[in-house]
>>> print(open('entry.cif').read())   # mmCIF, C-alpha atoms
data_structure
loop_
_atom_site.label_atom_id
_atom_site.label_comp_id
_atom_site.auth_asym_id
_atom_site.auth_seq_id
_atom_site.Cartn_x
_atom_site.Cartn_y
_atom_site.Cartn_z
CA MET K 53 7.61 15.44 21.46
CA SER K 54 7.17 18.77 23.22
CA ILE K 55 5.26 21.78 21.86
CA PRO K 56 5.69 24.97 23.92
CA GLY K 57 2.43 26.17 25.48
CA LEU K 58 0.53 22.93 24.88
CA SER K 59 -0.01 20.02 27.19
CA GLU K 60 0.38 16.49 25.86
CA PRO K 61 -3.41 15.87 25.69
CA GLU K 62 -3.88 19.12 23.73
CA ALA K 63 -1.14 18.21 21.27
CA VAL K 64 -2.48 14.68 20.82
CA ARG K 65 -6.02 15.95 20.28
CA TYR K 66 -4.83 18.45 17.71
CA PHE K 67 -2.97 15.89 15.62
CA HIS K 68 -5.81 13.39 16.02
CA SER K 69 -8.25 16.02 14.69
CA LEU K 70 -5.99 16.51 11.66
CA SER K 71 -6.02 12.77 11.01
CA LYS K 72 -9.82 12.83 10.71
CA LYS K 73 -9.91 15.47 7.98
CA ASN K 74 -9.09 12.97 5.24
CA PHE K 75 -11.30 10.00 4.42
CA CYS K 76 -9.52 6.65 4.50
CA ILE K 77 -10.39 2.96 4.26
CA HIS K 78 -10.67 2.76 8.06
CA ASP K 79 -13.55 5.27 7.95
CA GLY K 80 -15.75 3.32 5.57
CA ILE K 81 -16.17 1.80 2.12
CA TYR K 82 -13.87 3.21 -0.55
CA PRO K 83 -15.41 1.98 -3.86
CA LEU K 84 -12.91 3.67 -6.15
CA GLY K 85 -13.33 1.85 -9.46
CA SER K 86 -10.18 0.48 -11.12
CA CYS K 87 -8.02 1.34 -8.12
CA THR K 88 -8.90 -1.57 -5.79
CA MET K 89 -8.91 0.37 -2.52
CA LYS K 90 -9.20 -2.56 -0.16
CA HIS K 91 -8.25 -3.09 3.46
CA ASN K 92 -4.55 -3.72 3.99
CA PRO K 93 -3.85 -6.45 6.59
CA LEU K 94 -2.33 -4.82 9.66
CA VAL K 95 -0.15 -7.85 10.31
CA SER K 96 1.80 -6.92 7.16
CA GLU K 97 2.34 -3.42 8.55
CA LYS K 98 3.61 -4.90 11.81
CA ILE K 99 6.08 -7.19 10.06
CA ALA K 100 7.29 -4.42 7.77
CA SER K 101 7.98 -2.21 10.81
CA MET K 102 10.30 -4.75 12.45
CA ASN K 103 13.72 -3.20 13.09
CA SER K 104 15.57 -5.81 11.05
CA PHE K 105 13.61 -4.78 7.96
CA ARG K 106 13.08 -1.10 8.71
CA ASN K 107 16.78 -0.45 9.29
CA ALA K 108 18.02 -2.33 6.22
CA HIS K 109 19.89 0.14 4.02
CA PRO K 110 19.93 -0.11 0.20
CA LEU K 111 23.69 0.48 0.18
CA SER K 112 24.39 -2.41 2.56
CA CYS K 113 26.66 -5.14 1.26
CA VAL K 114 24.72 -8.19 0.11
CA ASP K 115 26.12 -10.31 2.94
CA ARG K 116 24.24 -8.18 5.47
CA VAL K 117 20.85 -8.24 3.69
CA GLN K 118 20.57 -11.89 2.71
CA GLY K 119 17.12 -12.15 4.33
CA CYS K 120 15.84 -9.14 2.40
CA LEU K 121 17.15 -10.51 -0.88
CA GLU K 122 15.62 -13.91 -0.16
CA ILE K 123 12.23 -12.25 0.33
CA MET K 124 12.63 -10.33 -2.92
CA LEU K 125 13.55 -13.47 -4.84
CA GLN K 126 10.58 -15.34 -3.36
CA LEU K 127 8.30 -12.45 -4.32
CA GLN K 128 9.62 -12.52 -7.89
CA GLN K 129 8.87 -16.25 -8.03
CA MET K 130 5.41 -15.96 -6.47
CA LEU K 131 4.38 -13.16 -8.81
CA ALA K 132 5.65 -15.18 -11.77
CA GLU K 133 3.52 -18.13 -10.66
CA VAL K 134 0.37 -16.03 -10.11
CA CYS K 135 0.77 -14.25 -13.47
CA GLY K 136 2.06 -17.15 -15.57
CA GLN K 137 5.31 -15.39 -16.45
CA ASP K 138 8.90 -16.65 -16.50
CA ALA K 139 10.73 -13.79 -14.77
CA PHE K 140 10.00 -10.58 -12.85
CA THR K 141 11.67 -7.28 -12.05
CA LEU K 142 10.70 -5.51 -8.82
CA SER K 143 12.21 -2.16 -9.77
CA PRO K 144 9.26 -0.12 -11.16
CA ALA K 145 7.86 2.30 -8.60
CA ALA K 146 4.20 2.25 -9.69
CA GLY K 147 1.81 0.87 -12.27
CA ALA K 148 2.46 3.64 -14.79
CA HIS K 149 6.20 3.17 -14.28
CA GLY K 150 5.63 -0.52 -14.94
CA GLU K 151 3.87 0.37 -18.18
CA LEU K 152 6.81 2.51 -19.26
CA THR K 153 9.24 -0.28 -18.36
CA GLY K 154 7.15 -2.90 -20.16
CA LEU K 155 6.98 -0.86 -23.35
CA MET K 156 10.75 -0.34 -23.20
CA LEU K 157 11.18 -4.11 -22.97
CA MET K 158 8.90 -4.65 -25.96
CA ALA K 159 10.77 -2.02 -28.00
CA ALA K 160 14.13 -3.61 -27.07
CA TYR K 161 12.86 -7.00 -28.27
CA HIS K 162 11.81 -5.60 -31.65
CA ARG K 163 15.11 -3.72 -32.08
CA GLU K 164 17.02 -6.93 -31.37
CA ASN K 165 14.99 -8.57 -34.15
CA LYS K 166 15.77 -5.74 -36.59
CA GLN K 167 12.19 -4.42 -36.55
CA GLU K 168 12.76 -0.84 -35.47
CA GLU K 169 9.78 0.23 -37.58
CA ARG K 170 7.40 -1.24 -34.99
CA LEU K 171 6.43 2.00 -33.26
CA THR K 172 2.63 1.71 -33.02
CA VAL K 173 0.86 0.75 -29.82
CA LEU K 174 -2.77 -0.41 -29.98
CA ILE K 175 -4.90 0.68 -27.02
CA PRO K 176 -8.66 0.11 -26.51
CA ASP K 177 -10.87 3.18 -26.13
CA SER K 178 -11.83 2.03 -22.61
CA SER K 179 -8.23 1.82 -21.40
CA HIS K 180 -6.64 3.55 -18.43
CA GLY K 181 -5.29 6.97 -19.34
CA THR K 182 -1.78 5.99 -18.29
CA ASN K 183 -1.58 3.53 -21.21
CA PRO K 184 -1.45 6.14 -24.00
CA ALA K 185 0.53 8.47 -21.72
CA SER K 186 3.25 5.85 -21.21
CA ALA K 187 3.42 5.19 -24.94
CA GLY K 188 3.58 8.92 -25.64
CA LEU K 189 6.50 9.39 -23.24
CA LEU K 190 8.49 6.94 -25.34
CA GLY K 191 7.60 8.71 -28.58
CA LEU K 192 5.41 5.85 -29.77
CA GLU K 193 2.32 6.26 -31.94
CA VAL K 194 -1.00 5.35 -30.32
CA LEU K 195 -3.85 3.80 -32.31
CA GLN K 196 -7.20 3.55 -30.51
CA VAL K 197 -9.16 0.32 -30.87
CA GLN K 198 -12.93 0.67 -30.67
CA SER K 199 -15.24 -1.20 -28.31
CA THR K 200 -18.31 -3.18 -29.35
CA ALA K 201 -21.82 -2.61 -28.04
CA GLU K 202 -20.96 -5.26 -25.42
CA GLY K 203 -18.07 -3.16 -24.11
CA LEU K 204 -15.40 -5.53 -25.47
CA VAL K 205 -12.59 -5.16 -28.00
CA ASP K 206 -13.92 -4.87 -31.56
CA LEU K 207 -12.06 -7.67 -33.35
CA ASP K 208 -12.65 -6.25 -36.83
CA ASP K 209 -11.23 -2.88 -35.80
CA LEU K 210 -8.27 -4.62 -34.14
CA LYS K 211 -7.54 -6.58 -37.34
CA ASP K 212 -7.72 -3.39 -39.44
CA LYS K 213 -5.23 -1.57 -37.21
CA THR K 214 -2.74 -4.41 -36.64
CA GLY K 215 0.15 -4.66 -39.07
CA PRO K 216 3.91 -4.52 -39.69
CA ARG K 217 4.28 -1.33 -37.60
CA THR K 218 2.54 -2.81 -34.54
CA LEU K 219 4.76 -2.85 -31.47
CA GLY K 220 2.00 -4.42 -29.41
CA LEU K 221 -1.40 -4.20 -27.78
CA MET K 222 -1.92 -2.88 -24.24
CA LEU K 223 -4.96 -4.50 -22.67
CA THR K 224 -6.63 -4.65 -19.28
CA ASN K 225 -8.48 -7.90 -18.66
CA PRO K 226 -11.05 -7.65 -17.17
CA ASN K 227 -11.37 -4.27 -18.84
CA THR K 228 -12.35 -0.99 -17.21
CA LEU K 229 -16.05 -1.69 -17.75
CA GLY K 230 -15.61 -4.77 -15.56
CA PHE K 231 -15.93 -7.33 -18.37
CA PHE K 232 -13.63 -10.22 -19.17
CA GLU K 233 -12.50 -10.20 -22.79
CA LYS K 234 -14.10 -13.48 -23.86
CA ASP K 235 -12.26 -13.34 -27.20
CA ILE K 236 -8.82 -13.06 -25.60
CA CYS K 237 -7.50 -16.12 -27.43
CA GLU K 238 -8.45 -14.63 -30.78
CA ILE K 239 -7.11 -11.21 -29.73
CA GLN K 240 -3.69 -12.60 -28.88
CA GLY K 241 -3.68 -14.57 -32.12
CA ILE K 242 -4.32 -11.45 -34.20
CA VAL K 243 -1.51 -9.51 -32.52
CA HIS K 244 1.03 -12.34 -32.43
CA GLU K 245 0.43 -13.35 -36.04
CA ALA K 246 1.25 -9.77 -37.03
CA GLY K 247 4.51 -9.97 -35.06
CA GLY K 248 3.37 -7.76 -32.19
CA LEU K 249 3.48 -8.40 -28.45
CA LEU K 250 0.73 -8.36 -25.79
CA TYR K 251 1.01 -6.15 -22.72
CA TYR K 252 -1.19 -6.80 -19.68
CA ASP K 253 -2.19 -3.80 -17.56
CA GLY K 254 -2.55 -5.47 -14.16
CA ALA K 255 -4.77 -2.83 -12.57
CA ASN K 256 -7.69 -5.26 -12.55
CA LEU K 257 -5.82 -8.42 -11.60
CA ASN K 258 -7.78 -8.49 -8.33
CA ALA K 259 -10.68 -9.99 -10.28
CA VAL K 260 -8.85 -13.06 -11.55
CA MET K 261 -5.87 -13.69 -9.25
CA GLY K 262 -5.56 -17.35 -8.40
CA ARG K 263 -8.12 -18.25 -11.08
CA ALA K 264 -6.71 -17.10 -14.43
CA ARG K 265 -3.17 -16.14 -15.40
CA PRO K 266 -2.31 -13.44 -17.96
CA GLY K 267 0.57 -15.54 -19.24
CA ASP K 268 -1.85 -18.36 -20.08
CA MET K 269 -3.97 -15.87 -22.04
CA GLY K 270 -0.99 -15.10 -24.29
CA PHE K 271 0.39 -11.95 -22.65
CA ASP K 272 4.13 -11.45 -23.10
CA VAL K 273 4.55 -8.65 -20.56
CA VAL K 274 2.60 -8.02 -17.35
CA HIS K 275 2.72 -5.31 -14.73
CA VAL K 276 1.06 -5.75 -11.36
CA ASN K 277 0.15 -3.11 -8.81
CA LEU K 278 1.24 -4.38 -5.42
CA HIS K 279 -0.58 -1.41 -3.92
CA LYS K 280 -3.85 -2.55 -5.50
CA THR K 281 -3.87 -6.31 -5.71
CA PHE K 282 -1.54 -7.56 -3.03
CA GLY K 283 -2.53 -5.71 0.10
CA THR K 284 -0.09 -2.81 0.41
CA PRO K 285 -1.08 0.84 1.05
CA HIS K 286 -2.39 2.87 -1.86
CA GLY K 287 -2.83 6.57 -2.33
CA GLY K 288 -1.32 9.79 -1.07
CA GLY K 289 1.31 9.83 -3.79
CA GLY K 290 3.14 6.70 -2.71
CA PRO K 291 5.01 4.66 -2.06
CA GLY K 292 3.80 2.26 -4.70
CA SER K 293 5.23 -0.63 -6.64
CA GLY K 294 4.59 -1.94 -10.14
CA PRO K 295 6.70 -5.07 -10.78
CA VAL K 296 6.88 -6.27 -14.37
CA GLY K 297 6.87 -9.90 -15.48
CA VAL K 298 7.92 -11.26 -18.87
CA LYS K 299 7.98 -14.43 -20.89
CA LYS K 300 11.31 -16.17 -21.45
CA ARG K 301 12.08 -14.47 -24.76
CA LEU K 302 12.04 -11.04 -23.07
CA LYS K 303 13.91 -12.01 -19.90
CA GLN K 304 17.31 -10.84 -21.18
CA TYR K 305 16.02 -7.25 -21.52
CA LEU K 306 14.84 -6.86 -17.91
CA PRO K 307 16.15 -3.79 -16.06
CA THR K 308 19.07 -4.33 -13.72
CA PRO K 309 19.44 -5.58 -11.14
CA VAL K 310 17.29 -8.64 -10.52
CA VAL K 311 17.74 -10.87 -7.50
CA GLY K 312 19.45 -14.20 -8.08
CA GLU K 313 20.55 -17.17 -6.00
CA LYS K 314 23.56 -19.48 -6.32
CA GLU K 315 24.52 -22.21 -3.88
CA GLY K 316 22.31 -20.77 -1.17
CA LYS K 317 23.70 -17.24 -1.56
CA TYR K 318 21.48 -14.38 -2.71
CA PHE K 319 22.85 -11.58 -4.87
CA LEU K 320 21.88 -8.66 -7.09
CA ASP K 321 22.43 -9.75 -10.68
CA TYR K 322 23.70 -7.05 -13.02
CA ASP K 323 24.94 -9.52 -15.63
CA LEU K 324 22.30 -8.78 -18.26
CA PRO K 325 24.19 -7.39 -21.28
CA LYS K 326 21.00 -6.76 -23.27
CA SER K 327 19.19 -5.09 -20.35
CA ILE K 328 17.31 -1.84 -20.90
CA GLY K 329 19.34 -0.57 -17.93
CA GLN K 330 18.35 0.64 -14.49
CA VAL K 331 14.87 2.23 -14.40
CA ARG K 332 15.03 3.73 -10.90
CA GLY K 333 17.36 4.37 -8.02
CA PHE K 334 18.28 1.18 -6.17
CA TRP K 335 15.99 -1.80 -6.91
CA GLY K 336 12.45 -1.38 -5.64
CA SER K 337 10.34 -0.06 -2.75
CA PHE K 338 11.39 -2.74 -0.30
CA ASN K 339 8.84 -1.82 2.38
CA VAL K 340 6.04 -2.22 -0.17
CA LEU K 341 7.54 -5.41 -1.58
CA LEU K 342 7.70 -6.86 1.93
CA LYS K 343 4.00 -6.23 2.57
CA ALA K 344 3.07 -7.91 -0.70
CA TRP K 345 5.25 -10.89 0.25
CA CYS K 346 3.43 -11.09 3.59
CA TYR K 347 0.04 -10.92 1.85
CA LEU K 348 0.89 -13.73 -0.57
CA LYS K 349 2.33 -15.90 2.20
CA LEU K 350 -0.77 -15.37 4.33
CA MET K 351 -3.26 -15.95 1.52
CA GLY K 352 -1.73 -18.77 -0.47
CA LEU K 353 -3.27 -19.84 -3.76
CA GLU K 354 -6.58 -20.86 -2.20
CA GLY K 355 -6.82 -17.55 -0.37
CA LEU K 356 -6.27 -15.63 -3.61
CA LYS K 357 -9.02 -17.65 -5.28
CA LYS K 358 -11.44 -16.84 -2.46
CA ALA K 359 -10.54 -13.15 -2.57
CA SER K 360 -11.15 -12.81 -6.32
CA HIS K 361 -14.39 -14.80 -5.98
CA ARG K 362 -15.61 -12.47 -3.22
CA ALA K 363 -14.59 -9.36 -5.21
CA VAL K 364 -16.68 -10.50 -8.17
CA LEU K 365 -19.62 -11.47 -5.95
CA ASN K 366 -19.63 -8.11 -4.17
CA ALA K 367 -19.55 -6.16 -7.44
CA ASN K 368 -22.45 -8.11 -8.92
CA TYR K 369 -24.44 -7.68 -5.71
CA LEU K 370 -24.13 -3.90 -5.92
CA ARG K 371 -24.86 -3.90 -9.66
CA GLU K 372 -28.14 -5.75 -9.12
CA LYS K 373 -29.15 -3.52 -6.20
CA LEU K 374 -28.53 -0.25 -8.06
CA LYS K 375 -29.36 -0.96 -11.71
CA ASP K 376 -32.98 0.22 -11.34
CA THR K 377 -31.98 3.44 -9.57
CA TYR K 378 -29.23 4.55 -11.95
CA ASP K 379 -28.71 3.72 -15.60
CA LEU K 380 -26.71 0.58 -16.29
CA PRO K 381 -25.14 1.00 -19.76
CA PHE K 382 -24.16 -2.67 -20.02
CA ASP K 383 -26.71 -4.90 -18.29
CA ARG K 384 -24.78 -8.13 -17.91
CA PRO K 385 -22.81 -9.86 -15.15
CA CYS K 386 -19.55 -8.09 -14.37
CA MET K 387 -16.27 -9.08 -12.79
CA HIS K 388 -14.82 -7.07 -9.87
CA GLU K 389 -16.22 -3.67 -10.87
CA PHE K 390 -19.03 -2.17 -12.91
CA VAL K 391 -20.04 1.16 -14.40
CA LEU K 392 -23.29 2.97 -13.65
CA SER K 393 -24.39 6.20 -15.29
CA ALA K 394 -25.98 9.27 -13.70
CA ARG K 395 -27.30 10.47 -17.05
CA LYS K 396 -30.90 9.92 -15.87
CA GLN K 397 -30.33 12.20 -12.88
CA LYS K 398 -28.44 14.68 -15.07
CA HIS K 399 -31.18 14.98 -17.71
CA ARG K 400 -34.06 14.83 -15.20
CA ASP K 401 -32.73 16.95 -12.32
CA GLY K 402 -29.52 18.61 -13.50
CA VAL K 403 -27.53 16.45 -11.06
CA SER K 404 -24.25 15.15 -12.49
CA ALA K 405 -22.07 12.18 -11.62
CA GLU K 406 -19.71 14.59 -9.86
CA ASP K 407 -22.61 15.90 -7.75
CA VAL K 408 -23.48 12.35 -6.72
CA ALA K 409 -19.85 11.74 -5.77
CA LYS K 410 -19.67 14.93 -3.69
CA ARG K 411 -22.87 14.10 -1.81
CA LEU K 412 -21.58 10.62 -0.93
CA LEU K 413 -18.89 12.31 1.18
CA ASP K 414 -21.62 13.73 3.43
CA LEU K 415 -23.01 10.23 3.92
CA GLY K 416 -19.74 8.68 5.12
CA VAL K 417 -18.81 7.00 1.84
CA HIS K 418 -15.84 7.82 -0.37
CA ALA K 419 -16.77 8.71 -3.92
CA PRO K 420 -16.28 6.20 -6.74
CA THR K 421 -14.37 7.12 -9.87
CA VAL K 422 -16.43 9.50 -12.02
CA TYR K 423 -16.43 10.30 -15.76
CA PHE K 424 -14.34 7.21 -16.53
CA PRO K 425 -14.24 5.30 -18.75
CA LEU K 426 -14.86 8.09 -21.22
CA ILE K 427 -17.10 5.98 -23.44
CA VAL K 428 -19.89 6.11 -20.80
CA GLU K 429 -21.84 9.34 -20.28
CA GLN K 430 -21.89 10.52 -16.63
CA ALA K 431 -19.95 7.42 -15.58
CA LEU K 432 -19.80 6.18 -11.99
CA MET K 433 -17.20 3.42 -11.81
CA ILE K 434 -17.68 1.27 -8.71
CA GLU K 435 -15.44 -1.40 -7.19
CA PRO K 436 -16.39 -2.63 -3.71
CA THR K 437 -13.43 -5.10 -3.42
CA GLU K 438 -13.54 -8.35 -1.46
CA THR K 439 -12.88 -6.84 1.96
CA GLU K 440 -16.32 -5.21 2.40
CA SER K 441 -19.09 -6.99 4.28
CA LYS K 442 -22.72 -7.29 3.15
CA GLU K 443 -23.64 -4.70 5.78
CA SER K 444 -21.12 -2.28 4.29
CA LEU K 445 -22.41 -2.90 0.77
CA ASP K 446 -26.00 -2.38 1.91
CA GLY K 447 -24.94 0.92 3.48
CA PHE K 448 -23.53 2.04 0.14
CA VAL K 449 -26.74 1.04 -1.66
CA LYS K 450 -28.78 2.99 0.91
CA ALA K 451 -26.63 6.10 0.37
CA MET K 452 -26.90 5.90 -3.42
CA LYS K 453 -30.67 5.51 -3.28
CA GLN K 454 -30.97 8.41 -0.83
CA ILE K 455 -29.06 10.63 -3.26
CA ASN K 456 -31.42 9.67 -6.07
CA ARG K 457 -34.42 10.65 -3.91
CA GLU K 458 -32.79 13.94 -2.97
CA SER K 459 -31.96 14.54 -6.62
CA LYS K 460 -35.69 14.48 -7.43
CA ASN K 461 -36.90 16.39 -4.38
CA ASN K 462 -34.09 18.85 -3.65
CA PRO K 463 -31.49 18.87 -6.45
CA THR K 464 -29.88 22.07 -5.18
CA LYS K 465 -28.78 20.23 -2.05
CA ILE K 466 -26.92 17.69 -4.18
CA ARG K 467 -25.39 20.29 -6.49
CA GLU K 468 -24.00 22.20 -3.48
CA ALA K 469 -22.59 19.14 -1.69
CA PRO K 470 -20.50 18.32 0.25
CA HIS K 471 -21.88 20.09 3.32
CA THR K 472 -19.98 18.40 6.15
CA THR K 473 -16.38 18.12 4.95
CA PRO K 474 -13.59 20.42 6.21
CA VAL K 475 -13.39 21.97 2.73
CA ARG K 476 -16.59 22.74 0.83
CA ARG K 477 -16.95 22.50 -2.93
CA LEU K 478 -14.53 24.68 -4.81
CA ASP K 479 -15.48 27.09 -7.59
CA GLN K 480 -13.77 25.19 -10.39
CA ALA K 481 -14.39 27.83 -13.06
CA LEU K 482 -12.81 30.51 -10.86
CA ALA K 483 -9.92 28.19 -10.02
CA VAL K 484 -9.14 27.83 -13.73
CA LYS K 485 -9.42 31.57 -14.40
CA ASN K 486 -7.60 32.72 -11.28
CA PRO K 487 -5.43 29.93 -9.92
CA LYS K 488 -3.60 30.54 -6.67
CA LEU K 489 -0.26 28.87 -7.17
CA ARG K 490 2.54 28.51 -4.66
CA ARG K 491 6.02 27.26 -5.28
CA TRP K 492 7.07 24.64 -2.80
CA PRO K 493 10.45 25.59 -1.23
#
>>> encode(input="entry.cif", output="structure tokens")
Amino acid sequence: MSIPGLSEPEAVRYFHSLSKKNFCIHDGIYPLGSCTMKHNPLVSEKIASMNSFRNAHPLSCVDRVQGCLEIMLQLQQMLAEVCGQDAFTLSPAAGAHGELTGLMLMAAYHRENKQEERLTVLIPDSSHGTNPASAGLLGLEVLQVQSTAEGLVDLDDLKDKTGPRTLGLMLTNPNTLGFFEKDICEIQGIVHEAGGLLYYDGANLNAVMGRARPGDMGFDVVHVNLHKTFGTPHGGGGPGSGPVGVKKRLKQYLPTPVVGEKEGKYFLDYDLPKSIGQVRGFWGSFNVLLKAWCYLKLMGLEGLKKASHRAVLNANYLREKLKDTYDLPFDRPCMHEFVLSARKQKHRDGVSAEDVAKRLLDLGVHAPTVYFPLIVEQALMIEPTETESKESLDGFVKAMKQINRESKNNPTKIREAPHTTPVRRLDQALAVKNPKLRRWP
């Protein structure tokens, strides 16, 4: 590359300086609750960049991409084994797209069984916001299921709201508070006895992979986020991937195509007459699928077990270290993530959860998710993942405790943070009143 008027060192330094303006996982801990921002193995990146994979074209005839199709079929089979499902589609481009696809599959199943009146989706009040959004896009009615004081699904409320119009229940397990739904067997019984289906939001699969399978819990449909759980890049708007798995009775409705194999020959199978159709161009983000395949091959079942174990251990370590500094709404062991509250700092010093998050950026730590789930006041949702060391976790604890001290002694400093980032805090009220909008060409 040549830039007129600049030497190569000047050009390299300029682009290198740009690369440092955004925080990334290589800079430090990224404890973004519910998003599982963990280190992606660089060996997967190296394999995915091999010319034989990188130059594969989606319009190539199947005879020229047999290796790619074999990898896709193996990935379908591995995901089915990890999730306890019978078949998988790799087409959906992200988790939310997987949700949309899964709900379409559930609706197709009910139509086939002459139950078109099933248009109600049950969603817990602690759910991810994409759950009701996906249901809304399909014109379905959303009924919110309340949580108990323990942060779990209220069984009585679920029973009251489940009936002949129930399409199904969308559930994250562990849920967004970081708790495993201990009554999952009873939950699935309530929904199935009413004729509904169970949908598993796989955003938190990192907590149980290799140890518990959604299919064994009674879930009929599962989506997984390859860019969260299985070591592929996450963030920046993509690419992502949200494959969807189903039990046998829903297999015939899967979107086309799926990868098949006959007599040692791999092919794209469009012969699904009851399919919901094609849900995206071509048949999946192959580069992302390849990295997930690499991750699963490298880890194996025992590796997945160790990873989920470490994720849970790291989260509980942070919870214990910080529960006396910030409020802990639910003081009990968690899974892979937990929720603190900055309500003490807010009421005492006028320092909000958002202020805490902004100040963390000055201290070399990416902010956790704030104000979610909505059922916790001043929520700070923290997920350290399994790839962080004890030293890294201790650094995060140190930063959080420093912010609490500063909140008491100099709250203005926290409310005006960040101080060291390329862009300082924006005036959000002014941005709403006088937005500066540009149309992208």
>>> residues_around(input="entry.cif", residues="Phe282 of chain K", least_positions_apart="2", cutoff="12 Å", atoms="only C-alpha atoms", output="ChimeraX atom specification")
/K:88-93,96,127,130-131,134,254-259,261-262,276-280,284-286,292-295,340-352,355-356,359-360
>>> resolve_selection(input="entry.cif", expression="the PyMOL selection byres ((chain K and resi 444-446) around 10)", output="VMD selection string")
chain K and resid 80 to 81 83 366 to 367 369 to 370 373 417 436 439 to 443 447 to 452
>>> residues_around(input="entry.cif", residues="segment 208-223 of chain K", least_positions_apart="6", cutoff="10 Å", atoms="only C-alpha atoms", output="number ranges by chain")
K: 151, 154-155, 158-159, 161-162, 167-176, 178-180, 183-184, 187, 192-200, 233, 236, 239-240, 242-254, 271-274
>>> write_last_selection(input="entry.cif", atoms="C-alpha atoms", output="mmCIF file, keeping the file's coordinate frame")
data_model
loop_
_atom_site.group_PDB
_atom_site.id
_atom_site.type_symbol
_atom_site.label_atom_id
_atom_site.label_comp_id
_atom_site.auth_asym_id
_atom_site.auth_seq_id
_atom_site.Cartn_x
_atom_site.Cartn_y
_atom_site.Cartn_z
ATOM 1 C CA GLU K 151 3.870 0.370 -18.180
ATOM 2 C CA GLY K 154 7.150 -2.900 -20.160
ATOM 3 C CA LEU K 155 6.980 -0.860 -23.350
ATOM 4 C CA MET K 158 8.900 -4.650 -25.960
ATOM 5 C CA ALA K 159 10.770 -2.020 -28.000
ATOM 6 C CA TYR K 161 12.860 -7.000 -28.270
ATOM 7 C CA HIS K 162 11.810 -5.600 -31.650
ATOM 8 C CA GLN K 167 12.190 -4.420 -36.550
ATOM 9 C CA GLU K 168 12.760 -0.840 -35.470
ATOM 10 C CA GLU K 169 9.780 0.230 -37.580
ATOM 11 C CA ARG K 170 7.400 -1.240 -34.990
ATOM 12 C CA LEU K 171 6.430 2.000 -33.260
ATOM 13 C CA THR K 172 2.630 1.710 -33.020
ATOM 14 C CA VAL K 173 0.860 0.750 -29.820
ATOM 15 C CA LEU K 174 -2.770 -0.410 -29.980
ATOM 16 C CA ILE K 175 -4.900 0.680 -27.020
ATOM 17 C CA PRO K 176 -8.660 0.110 -26.510
ATOM 18 C CA SER K 178 -11.830 2.030 -22.610
ATOM 19 C CA SER K 179 -8.230 1.820 -21.400
ATOM 20 C CA HIS K 180 -6.640 3.550 -18.430
ATOM 21 C CA ASN K 183 -1.580 3.530 -21.210
ATOM 22 C CA PRO K 184 -1.450 6.140 -24.000
ATOM 23 C CA ALA K 187 3.420 5.190 -24.940
ATOM 24 C CA LEU K 192 5.410 5.850 -29.770
ATOM 25 C CA GLU K 193 2.320 6.260 -31.940
ATOM 26 C CA VAL K 194 -1.000 5.350 -30.320
ATOM 27 C CA LEU K 195 -3.850 3.800 -32.310
ATOM 28 C CA GLN K 196 -7.200 3.550 -30.510
ATOM 29 C CA VAL K 197 -9.160 0.320 -30.870
ATOM 30 C CA GLN K 198 -12.930 0.670 -30.670
ATOM 31 C CA SER K 199 -15.240 -1.200 -28.310
ATOM 32 C CA THR K 200 -18.310 -3.180 -29.350
ATOM 33 C CA GLU K 233 -12.500 -10.200 -22.790
ATOM 34 C CA ILE K 236 -8.820 -13.060 -25.600
ATOM 35 C CA ILE K 239 -7.110 -11.210 -29.730
ATOM 36 C CA GLN K 240 -3.690 -12.600 -28.880
ATOM 37 C CA ILE K 242 -4.320 -11.450 -34.200
ATOM 38 C CA VAL K 243 -1.510 -9.510 -32.520
ATOM 39 C CA HIS K 244 1.030 -12.340 -32.430
ATOM 40 C CA GLU K 245 0.430 -13.350 -36.040
ATOM 41 C CA ALA K 246 1.250 -9.770 -37.030
ATOM 42 C CA GLY K 247 4.510 -9.970 -35.060
ATOM 43 C CA GLY K 248 3.370 -7.760 -32.190
ATOM 44 C CA LEU K 249 3.480 -8.400 -28.450
ATOM 45 C CA LEU K 250 0.730 -8.360 -25.790
ATOM 46 C CA TYR K 251 1.010 -6.150 -22.720
ATOM 47 C CA TYR K 252 -1.190 -6.800 -19.680
ATOM 48 C CA ASP K 253 -2.190 -3.800 -17.560
ATOM 49 C CA GLY K 254 -2.550 -5.470 -14.160
ATOM 50 C CA PHE K 271 0.390 -11.950 -22.650
ATOM 51 C CA ASP K 272 4.130 -11.450 -23.100
ATOM 52 C CA VAL K 273 4.550 -8.650 -20.560
ATOM 53 C CA VAL K 274 2.600 -8.020 -17.350
#
>>> atom_distance(input="entry.cif", atom1="atom CA of Glu429 of chain K", atom2="atom CA of Asn74 of chain K")
28.8 Å
>>> closest_atom_pairs(input="entry.cif", of="segment 350-427 of chain K", to="segment 470-492 of chain K", cutoff="7 Å", atoms="only C-alpha atoms", output="CSV")
residue,atom,partner,partner_atom,distance
K:Lys410,CA,K:Pro470,CA,5.3
K:Arg411,CA,K:Pro470,CA,5.3
K:Leu413,CA,K:Pro470,CA,6.3
K:Asp414,CA,K:Thr472,CA,5.6
>>> residues_near_point(input="entry.cif", point="(21.6, -15.1, -1.8)", cutoff="8 Å", atoms="all atoms listed in the file", output="PyMOL selection string")
chain K and resi 114+118+121-122+312-319
>>> resolve_selection(input="entry.cif", expression="the PyMOL selection byres ((chain K and resi 329) around 7)", output="VMD selection string")
chain K and resid 307 to 308 327 to 328 330 to 331
>>> resolve_selection(input="entry.cif", expression="the PyMOL selection byres ((chain K and resi 136) around 10)", output="number ranges by chain")
K: 130-135, 137-139, 264-272, 274, 297-299
